[in-house]
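Visitor: Please read through the structure below; I'll follow up with questions.
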2 protein chains.
Amino acid sequence: MKRSQLFIKTQKQAPADEVSKNAQLLIRAGFVHKVMAGVYAYTPLGIRVLENIKQIVREEMNSIAGAELIMTALQRPDTWQETGRWSDDAVDVWFKTKLNDGKEVGLAWSHEEAIVEMMKQHISSYKDLPQSVYQFQTKFRNELRSKSGIMRGREFVMKDMYSVHTSQEDMDGYYDKVIGAYKRIFDKLGIGDKTFVTFASGGAFTKFSHEFQTICDAGEDTLYVNSEQTIAVNEEVLDDATAELGIDKATLKPVISAEVGNIFKFGTEKSEKMGFNFTDKDGSQKPLYLASYGVGITRVMGVIAEMMSDDKGLVWHTNIAPFSVYLASIGEVSEHADKLYSDLCGAGIEVLYDDRDVRPGEKFTDAELMGIPYRLVISERNMESNSLELTNRADGNTEMIPQTEIVNILLKKTNS
Amino acid sequence: MKRSQLFIKTQKQAPADEVSKNAQLLIRAGFVHKVMAGVYAYTPLGIRVLENIKQIVREEMNSIAGAELIMTALQRPDTWQETGRWSDDAVDVWFKTKLNDGKEVGLAWSHEEAIVEMMKQHISSYKDLPQSVYQFQTKFRNELRSKSGIMRGREFVMKDMYSVHTSQEDMDGYYDKVIGAYKRIFDKLGIGDKTFVTFASGGAFTKFSHEFQTICDAGEDTLYVNSEQTIAVNEEVLDDATAELGIDKATLKPVISAEVGNIFKFGTEKSEKMGFNFTDKDGSQKPLYLASYGVGITRVMGVIAEMMSDDKGLVWHTNIAPFSVYLASIGEVSEHADKLYSDLCGAGIEVLYDDRDVRPGEKFTDAELMGIPYRLVISERNMESNSLELTNRADGNTEMIPQTEIVNILLKKTNS
């Protein structure tokens, strides 16, 4: 994309009312636009990061036989009354509104009940199982405070997956597969080494659920981690979990972290409440086993913005960067720069081409603030030596690359 | 995808309360799930059609330098008060709700004002222009009646694009480019020959807007079309438009049609109300020229379901079908069928593989109801002759294809 086709202007200062680092950076660099506290639009830069994150998650969900679908935001009260979760006393984040005929409807803050309600119409026999479905869906949560930027939104995007099984063993086996898929996701997002599978509070069916927690100063949780970093426990269940695991609390050290995923076994609890049963091989009716698996897509983008940034701005991992290369033309080289841009795009490299008539410093500052992994400079001086200046955003290293080799070298560096 | 991994069961009967043909068919075939009138979830089959339609639209919007972004559903009153459109008297389809602190917010039924409000923060000079942005976004409209299935939803997906220009000439030129892109879109969707650029009612800036109307019995509009099919006029502006064009009303014949797109020049009207100005070359401040361009994504899927179906079910065009091939295995051939499925997938062909242990007739009926373009049957008898039975859903023709040629022939037929 040419920078002249991108309406974005970067900003030196973040809005005064924006206290979170992730939103400050993302607004200044032009990735998000704040509509109100906890409600952000995603510009052409921002949506590219979101879609890259979604695609990484999608591939892993597909790899464990998940089927993508899309539910609705508008929710009927009766779907949620079956489990007692329509009440504002039980769930304090509902946004509710009314149809023109006066009937009350809600905006989905979760889709657990909605998924069960739909699947009940299709699944009736052990032959229909197991099943696993997921979606990337906007959730609406009427949070009282919303000061964490895109890490805690009133309107945000979540990947939520639901699996349905005839037995606890089958559910447990799939649950473990999801843990594997989640680990691969966080590795590909570049935060695998700082993300822990964490014991957290459970529900009626299991004593513990599992959270995926990433070490991050802006997080809202405290984890206790052992020195080998093989065990992590959320503070909220520290006593219970250490007793269960038979380990000494004193061997665990606290760290601040942010939840990026949560996986949960409902067992038969929700199925029993909602009458979600199947006919087993022997003809008997039994309640189904359910589990749910979430990743906060916009949240994880916020966590990454918090973690992977420096005093110059954002530093995206090549797997999720909006563009791999920021091509800055300096001086009267537009014909050569246009040709280079066309060659790079032709090779499948994602390039943001700064074709604007502005000072070089402005282009360099933007490239850094936006966190594009590689900055490629084409100037009159470089043209004379038939080489181009390539700078790595993460480590700041600059090398001169012969023009004839630039496509191959960038293909290699960016895994395009 | 294996049918056993698809939780969907097709239905012989549509729900009694569903009067529209598109929703009846789409529910029976398992593409959508009705949550309430005008509110539908899209199953793994339905979302594939939607995403195929979106991708066709996306490519055309990108080809005319549109930049994709994503706005928010939640809207601040002040954004819409500037143009007087927050009021329920001015706009009768608002869903409104409240934040926890009591402040009123709305659910976006359009994003015109929201886009202007965001762009105002970035665009200030003639150097920043022109710009064109678009999104695929859920719209919420509190319709009093909602009996047209996914053709008229309370919650639906729209592609809306907005272009910003320094002059009327620039706007007019881009507007014509969009007409070209839209024509290509409807051609690729398989409804180009039945879709007309139609004179429709305008606004403060222009006498007429342009609608893209598709001849469809389930439509809500009446068009008047000339015998050469080069001129189409919406009934609502028949007198004005025929006078303007200097043609005799009697030469136009009425047809029932459904609106699938609407494009509109605001000119400077909205910019003036919202203070969206730019500094021109001479240093003067001027209001910007705006135009907007919509395609109802879910609506167009409904129109296509209405038009492209027969007494056996849906008949999808290969460009948007959820899968290109329905592979039905009959008898004890699972090993060969698995291998064939794997070969077809490996070649990039999208296959729904019915691996279930059910009667052949059930597989055939489902393949037809779902409207998958090609049905491929592998049976013991076919195996003996080393050939496979391939049936075209649209014309019902069946041919026997040698096994060794099946991948190449399907690649050709489905343009995979």
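Residue numbering restarts at 1 for every chain of the structure tokens, chains are lettered A, B, ... in their displayed order, and ligands are numbered from 1 as they appear.
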I want to know what sits within 9 Å of Ile27 of chain A, based on only C-alpha atoms, with residues of the same chain fewer than 6 positions away left out; could you give that as a ChimeraX atom specification?
Guide: /A:10-11,14-15,33-34
Visitor: Got time to write the residues from that selection, C-alpha atoms, as a PDB file, in the first residue's frame?
Guide:
```
ATOM      1  CA  THR A  10       0.791   9.775  13.154  1.00  0.00           C
ATOM      2  CA  GLN A  11       0.749  11.893  16.306  1.00  0.00           C
ATOM      3  CA  ALA A  14      -1.492  10.628  22.734  1.00  0.00           C
ATOM      4  CA  PRO A  15      -4.933  11.961  23.745  1.00  0.00           C
ATOM      5  CA  HIS A  33      -9.220   5.324  16.679  1.00  0.00           C
ATOM      6  CA  LYS A  34     -10.877   5.887  20.025  1.00  0.00           C
TER       7      LYS A  34
END
```
Visitor: Within 8 Å of chain B, which residues of chain A show up when using only C-alpha atoms, listed as an MDAnalysis selection string?
Guide: chainID A and resid 4:9 33 35:36 39:47 65 67:76 95:101 118:119 122:123 128:132 142:144 155
Visitor: With C-alpha atoms retained, could you export that selection as a PDB file, in the first residue's frame?
Guide:
```
ATOM      1  CA  SER A   4      -0.577   8.456   0.110  1.00  0.00           C
ATOM      2  CA  GLN A   5      -3.546   6.047   0.042  1.00  0.00           C
ATOM      3  CA  LEU A   6      -3.491   5.717   3.820  1.00  0.00           C
ATOM      4  CA  PHE A   7      -5.420   8.593   5.402  1.00  0.00           C
ATOM      5  CA  ILE A   8      -3.570   8.140   8.710  1.00  0.00           C
ATOM      6  CA  LYS A   9      -1.386  10.821  10.263  1.00  0.00           C
ATOM      7  CA  HIS A  33      -9.220   5.324  16.679  1.00  0.00           C
ATOM      8  CA  VAL A  35     -14.657   6.243  19.867  1.00  0.00           C
ATOM      9  CA  MET A  36     -15.181   6.186  23.627  1.00  0.00           C
ATOM     10  CA  VAL A  39     -14.482   1.243  22.216  1.00  0.00           C
ATOM     11  CA  TYR A  40     -11.916   1.470  19.429  1.00  0.00           C
ATOM     12  CA  ALA A  41     -12.084   1.380  15.636  1.00  0.00           C
ATOM     13  CA  TYR A  42      -9.231  -0.291  13.725  1.00  0.00           C
ATOM     14  CA  THR A  43      -7.696   1.655  10.862  1.00  0.00           C
ATOM     15  CA  PRO A  44      -6.187   0.033   7.750  1.00  0.00           C
ATOM     16  CA  LEU A  45      -3.018  -0.503   9.816  1.00  0.00           C
ATOM     17  CA  GLY A  46      -4.825  -1.903  12.835  1.00  0.00           C
ATOM     18  CA  ILE A  47      -7.097  -4.288  10.955  1.00  0.00           C
ATOM     19  CA  ALA A  65     -11.000 -30.028  13.429  1.00  0.00           C
ATOM     20  CA  ALA A  67     -15.361 -25.520  12.196  1.00  0.00           C
ATOM     21  CA  GLU A  68     -15.685 -21.746  11.876  1.00  0.00           C
ATOM     22  CA  LEU A  69     -19.107 -20.092  12.064  1.00  0.00           C
ATOM     23  CA  ILE A  70     -20.513 -16.753  13.170  1.00  0.00           C
ATOM     24  CA  MET A  71     -23.225 -16.208  15.785  1.00  0.00           C
ATOM     25  CA  THR A  72     -25.211 -13.023  16.339  1.00  0.00           C
ATOM     26  CA  ALA A  73     -24.786 -10.054  18.661  1.00  0.00           C
ATOM     27  CA  LEU A  74     -28.512  -9.749  19.404  1.00  0.00           C
ATOM     28  CA  GLN A  75     -29.654 -12.308  21.980  1.00  0.00           C
ATOM     29  CA  ARG A  76     -33.079 -13.521  23.080  1.00  0.00           C
ATOM     30  CA  PHE A  95     -26.011  -4.199  27.329  1.00  0.00           C
ATOM     31  CA  LYS A  96     -29.766  -4.482  26.807  1.00  0.00           C
ATOM     32  CA  THR A  97     -32.022  -2.765  24.312  1.00  0.00           C
ATOM     33  CA  LYS A  98     -35.527  -3.181  22.904  1.00  0.00           C
ATOM     34  CA  LEU A  99     -37.047  -4.227  19.612  1.00  0.00           C
ATOM     35  CA  ASN A 100     -39.592  -1.865  18.117  1.00  0.00           C
ATOM     36  CA  ASP A 101     -42.393  -4.014  19.521  1.00  0.00           C
ATOM     37  CA  MET A 118     -28.312 -23.785  18.186  1.00  0.00           C
ATOM     38  CA  MET A 119     -26.541 -27.132  18.486  1.00  0.00           C
ATOM     39  CA  HIS A 122     -28.816 -30.538  15.193  1.00  0.00           C
ATOM     40  CA  ILE A 123     -27.124 -32.925  17.609  1.00  0.00           C
ATOM     41  CA  ASP A 128     -23.159 -36.881  15.628  1.00  0.00           C
ATOM     42  CA  LEU A 129     -20.204 -36.447  17.996  1.00  0.00           C
ATOM     43  CA  PRO A 130     -17.668 -35.102  18.841  1.00  0.00           C
ATOM     44  CA  GLN A 131     -18.047 -31.590  17.430  1.00  0.00           C
ATOM     45  CA  SER A 132     -16.012 -28.428  17.773  1.00  0.00           C
ATOM     46  CA  ASN A 142     -20.778  -3.022  29.816  1.00  0.00           C
ATOM     47  CA  GLU A 143     -17.658  -2.609  31.947  1.00  0.00           C
ATOM     48  CA  LEU A 144     -17.839   0.033  34.673  1.00  0.00           C
ATOM     49  CA  GLU A 155     -16.652  -3.811  22.443  1.00  0.00           C
TER      50      GLU A 155
END
```
Visitor: Please extract the residues of segment 267-397 of chain A with a backbone DSSP assignment of strand (DSSP E or B) and present them as a ChimeraX atom specification.
Guide: /A:267,277-279,285-287,289-296,309-310,313-314,325-330,351-354,374-379,387-392
Visitor: Those same residues, written as a PDB file, in the first residue's frame with C-alpha atoms?
Guide:
```
ATOM      1  CA  GLY A 267     -18.716 -30.940  31.880  1.00  0.00           C
ATOM      2  CA  ASN A 277     -28.800 -34.459  25.595  1.00  0.00           C
ATOM      3  CA  PHE A 278     -27.880 -37.251  23.215  1.00  0.00           C
ATOM      4  CA  THR A 279     -28.986 -40.812  22.626  1.00  0.00           C
ATOM      5  CA  GLN A 285     -30.534 -40.290  27.014  1.00  0.00           C
ATOM      6  CA  LYS A 286     -27.498 -38.591  28.542  1.00  0.00           C
ATOM      7  CA  PRO A 287     -26.352 -34.985  28.976  1.00  0.00           C
ATOM      8  CA  TYR A 289     -19.994 -32.865  27.912  1.00  0.00           C
ATOM      9  CA  LEU A 290     -19.038 -29.321  26.963  1.00  0.00           C
ATOM     10  CA  ALA A 291     -15.864 -27.263  27.121  1.00  0.00           C
ATOM     11  CA  SER A 292     -15.102 -23.722  25.939  1.00  0.00           C
ATOM     12  CA  TYR A 293     -11.878 -22.096  24.819  1.00  0.00           C
ATOM     13  CA  GLY A 294     -11.294 -18.345  24.438  1.00  0.00           C
ATOM     14  CA  VAL A 295      -8.578 -16.074  23.083  1.00  0.00           C
ATOM     15  CA  GLY A 296      -9.081 -12.315  23.317  1.00  0.00           C
ATOM     16  CA  SER A 309       7.613  -1.522  22.041  1.00  0.00           C
ATOM     17  CA  ASP A 310      10.380   0.897  22.948  1.00  0.00           C
ATOM     18  CA  GLY A 313       7.239   3.183  19.214  1.00  0.00           C
ATOM     19  CA  LEU A 314       5.843  -0.234  18.372  1.00  0.00           C
ATOM     20  CA  VAL A 325       8.695  -3.470   4.905  1.00  0.00           C
ATOM     21  CA  TYR A 326       8.472   0.321   5.149  1.00  0.00           C
ATOM     22  CA  LEU A 327       9.882   1.633   1.882  1.00  0.00           C
ATOM     23  CA  ALA A 328      11.054   5.240   2.233  1.00  0.00           C
ATOM     24  CA  SER A 329      12.049   7.146  -0.891  1.00  0.00           C
ATOM     25  CA  ILE A 330      14.383  10.111  -0.425  1.00  0.00           C
ATOM     26  CA  VAL A 351       5.170  -3.153   1.660  1.00  0.00           C
ATOM     27  CA  LEU A 352       4.044   0.209   2.973  1.00  0.00           C
ATOM     28  CA  TYR A 353       5.571   2.606   0.451  1.00  0.00           C
ATOM     29  CA  ASP A 354       6.035   6.132   1.780  1.00  0.00           C
ATOM     30  CA  TYR A 374      12.191  -3.612   8.092  1.00  0.00           C
ATOM     31  CA  ARG A 375      12.834  -0.096   6.832  1.00  0.00           C
ATOM     32  CA  LEU A 376      14.190   0.074   3.297  1.00  0.00           C
ATOM     33  CA  VAL A 377      15.632   3.389   2.111  1.00  0.00           C
ATOM     34  CA  ILE A 378      16.065   4.261  -1.536  1.00  0.00           C
ATOM     35  CA  SER A 379      17.926   7.544  -2.111  1.00  0.00           C
ATOM     36  CA  SER A 387      22.614  -0.620  -3.011  1.00  0.00           C
ATOM     37  CA  LEU A 388      19.762  -0.040  -0.592  1.00  0.00           C
ATOM     38  CA  GLU A 389      19.801   0.654   3.134  1.00  0.00           C
ATOM     39  CA  LEU A 390      17.910  -1.935   5.184  1.00  0.00           C
ATOM     40  CA  THR A 391      17.278  -1.385   8.889  1.00  0.00           C
ATOM     41  CA  ASN A 392      15.906  -3.937  11.318  1.00  0.00           C
TER      42      ASN A 392
END
```
Visitor: Using DSSP secondary structure from the backbone, list all helix (DSSP H, G or I) positions within segment 8-249 of chain A, as a ChimeraX atom specification.
Guide: /A:21-28,44-63,77-81,112-119,126-128,149-151,168-188,192-194,235-245,249
Visitor: Quick check, in Å to one decimal: how far apart do atom CA of Gly38 of chain A and atom CA of Ala23 of chain A lie?
Guide: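 Computing the Euclidean distance for atom CA of Gly38 of chain A and atom CA of Ala23 of chain A yields 9.9 Å.
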Visitor: For each of B:Ser257, B:Asn226, B:Lys177, B:Leu26, take the minimum atom-to-atom distance to Trp316 of chain B, counting only C-alpha atoms, then give the residue where this is smallest.
Guide: B:Leu26
Visitor: Write out as a PyMOL selection string which residues come within 12 Å of Gly84 of chain A when counting only C-alpha atoms, dropping same-chain ones fewer than 4 positions away.
Guide: chain A and resi 77-80+88-91+113+270+273-274
Visitor: Filtering to C-alpha atoms, could you give me those residues as a PDB file, in the first residue's frame?
Guide:
```
ATOM      1  CA  PRO A  77     -33.751 -13.453  26.838  1.00  0.00           C
ATOM      2  CA  ASP A  78     -35.156 -16.999  26.976  1.00  0.00           C
ATOM      3  CA  THR A  79     -31.870 -18.503  25.750  1.00  0.00           C
ATOM      4  CA  TRP A  80     -30.131 -17.098  28.840  1.00  0.00           C
ATOM      5  CA  ASP A  88     -28.344  -8.272  35.603  1.00  0.00           C
ATOM      6  CA  ASP A  89     -27.674  -9.503  39.114  1.00  0.00           C
ATOM      7  CA  ALA A  90     -26.077 -12.690  37.787  1.00  0.00           C
ATOM      8  CA  VAL A  91     -24.277 -10.959  34.885  1.00  0.00           C
ATOM      9  CA  GLU A 113     -25.855 -20.392  25.792  1.00  0.00           C
ATOM     10  CA  LYS A 270     -24.691 -26.422  31.256  1.00  0.00           C
ATOM     11  CA  LYS A 273     -29.597 -26.889  32.683  1.00  0.00           C
ATOM     12  CA  MET A 274     -30.368 -26.441  28.984  1.00  0.00           C
TER      13      MET A 274
END
```
Visitor: Considering only C-alpha atoms, state which residue in the set A:Ile215, A:Ile406, A:Leu252, A:Ala181 is at the smallest distance from Glu228 of chain A.
Guide: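 Nearest candidate to Glu228 of chain A out of A:Ile215, A:Ile406, A:Leu252, A:Ala181: A:Leu252.
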Visitor: As an exercise, work out the distance from atom CA of Thr318 of chain A to atom CA of Val57 of chain A in Å and give it to one decimal place.
Guide: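 Result for atom CA of Thr318 of chain A versus atom CA of Val57 of chain A: 15.7 Å, one decimal.
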Visitor: May I have the residues within 6 Å of Ser324 of chain B as a list in words, using only C-alpha atoms and disregarding those fewer than 3 positions away in the same chain?
Guide: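 Residues meeting the cut-off are Glu350, Ile372 and Pro373 of chain B.
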Visitor: Between atom CA of Leu223 of chain A and atom CA of Ile263 of chain A, what is the distance in Å, rounded to a tenth?
Guide: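 Distance reported for this atom pair: 16.7 Å.
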Visitor: Counting only C-alpha atoms, which residue out of A:Lys194, A:Lys54, A:Lys253, A:Lys281 sits closest to Phe212 of chain A?
Guide: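 Of all the options, A:Lys194 lies closest to Phe212 of chain A.
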Visitor: What's around His317 of chain B at 10 Å? Count only C-alpha atoms, leave out sequence neighbours fewer than 6 positions away in its own chain, and write the answer as a list of chain:residue names.
Guide: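 The residues that qualify are B:Lys188, B:Leu189, B:Gly190, B:Ile191, B:Ile304, B:Met308, B:Ser324, B:Gly371, B:Ile372, B:Pro373, B:Arg393, B:Ala394, B:Thr414.
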Visitor: Store the residues picked out above, limited to C-alpha atoms, as a CSV table (one decimal), in the first residue's frame.
Guide:
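result_12.csv written:
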```csv
chain,number,residue,atom,x,y,z
B,188,LYS,CA,-18.6,-12.5,-10.5
B,189,LEU,CA,-21.5,-13.2,-8.1
B,190,GLY,CA,-23.3,-14.7,-11.1
B,191,ILE,CA,-26.1,-12.1,-11.1
B,304,ILE,CA,-28.9,-15.2,-4.7
B,308,MET,CA,-30.6,-19.6,-7.8
B,324,SER,CA,-17.0,-27.0,-5.0
B,371,GLY,CA,-26.5,-26.7,-3.8
B,372,ILE,CA,-22.9,-27.8,-4.0
B,373,PRO,CA,-21.9,-27.4,-7.7
B,393,ARG,CA,-26.0,-29.5,-9.8
B,394,ALA,CA,-27.1,-26.8,-12.1
B,414,THR,CA,-14.2,-25.3,-10.5
```
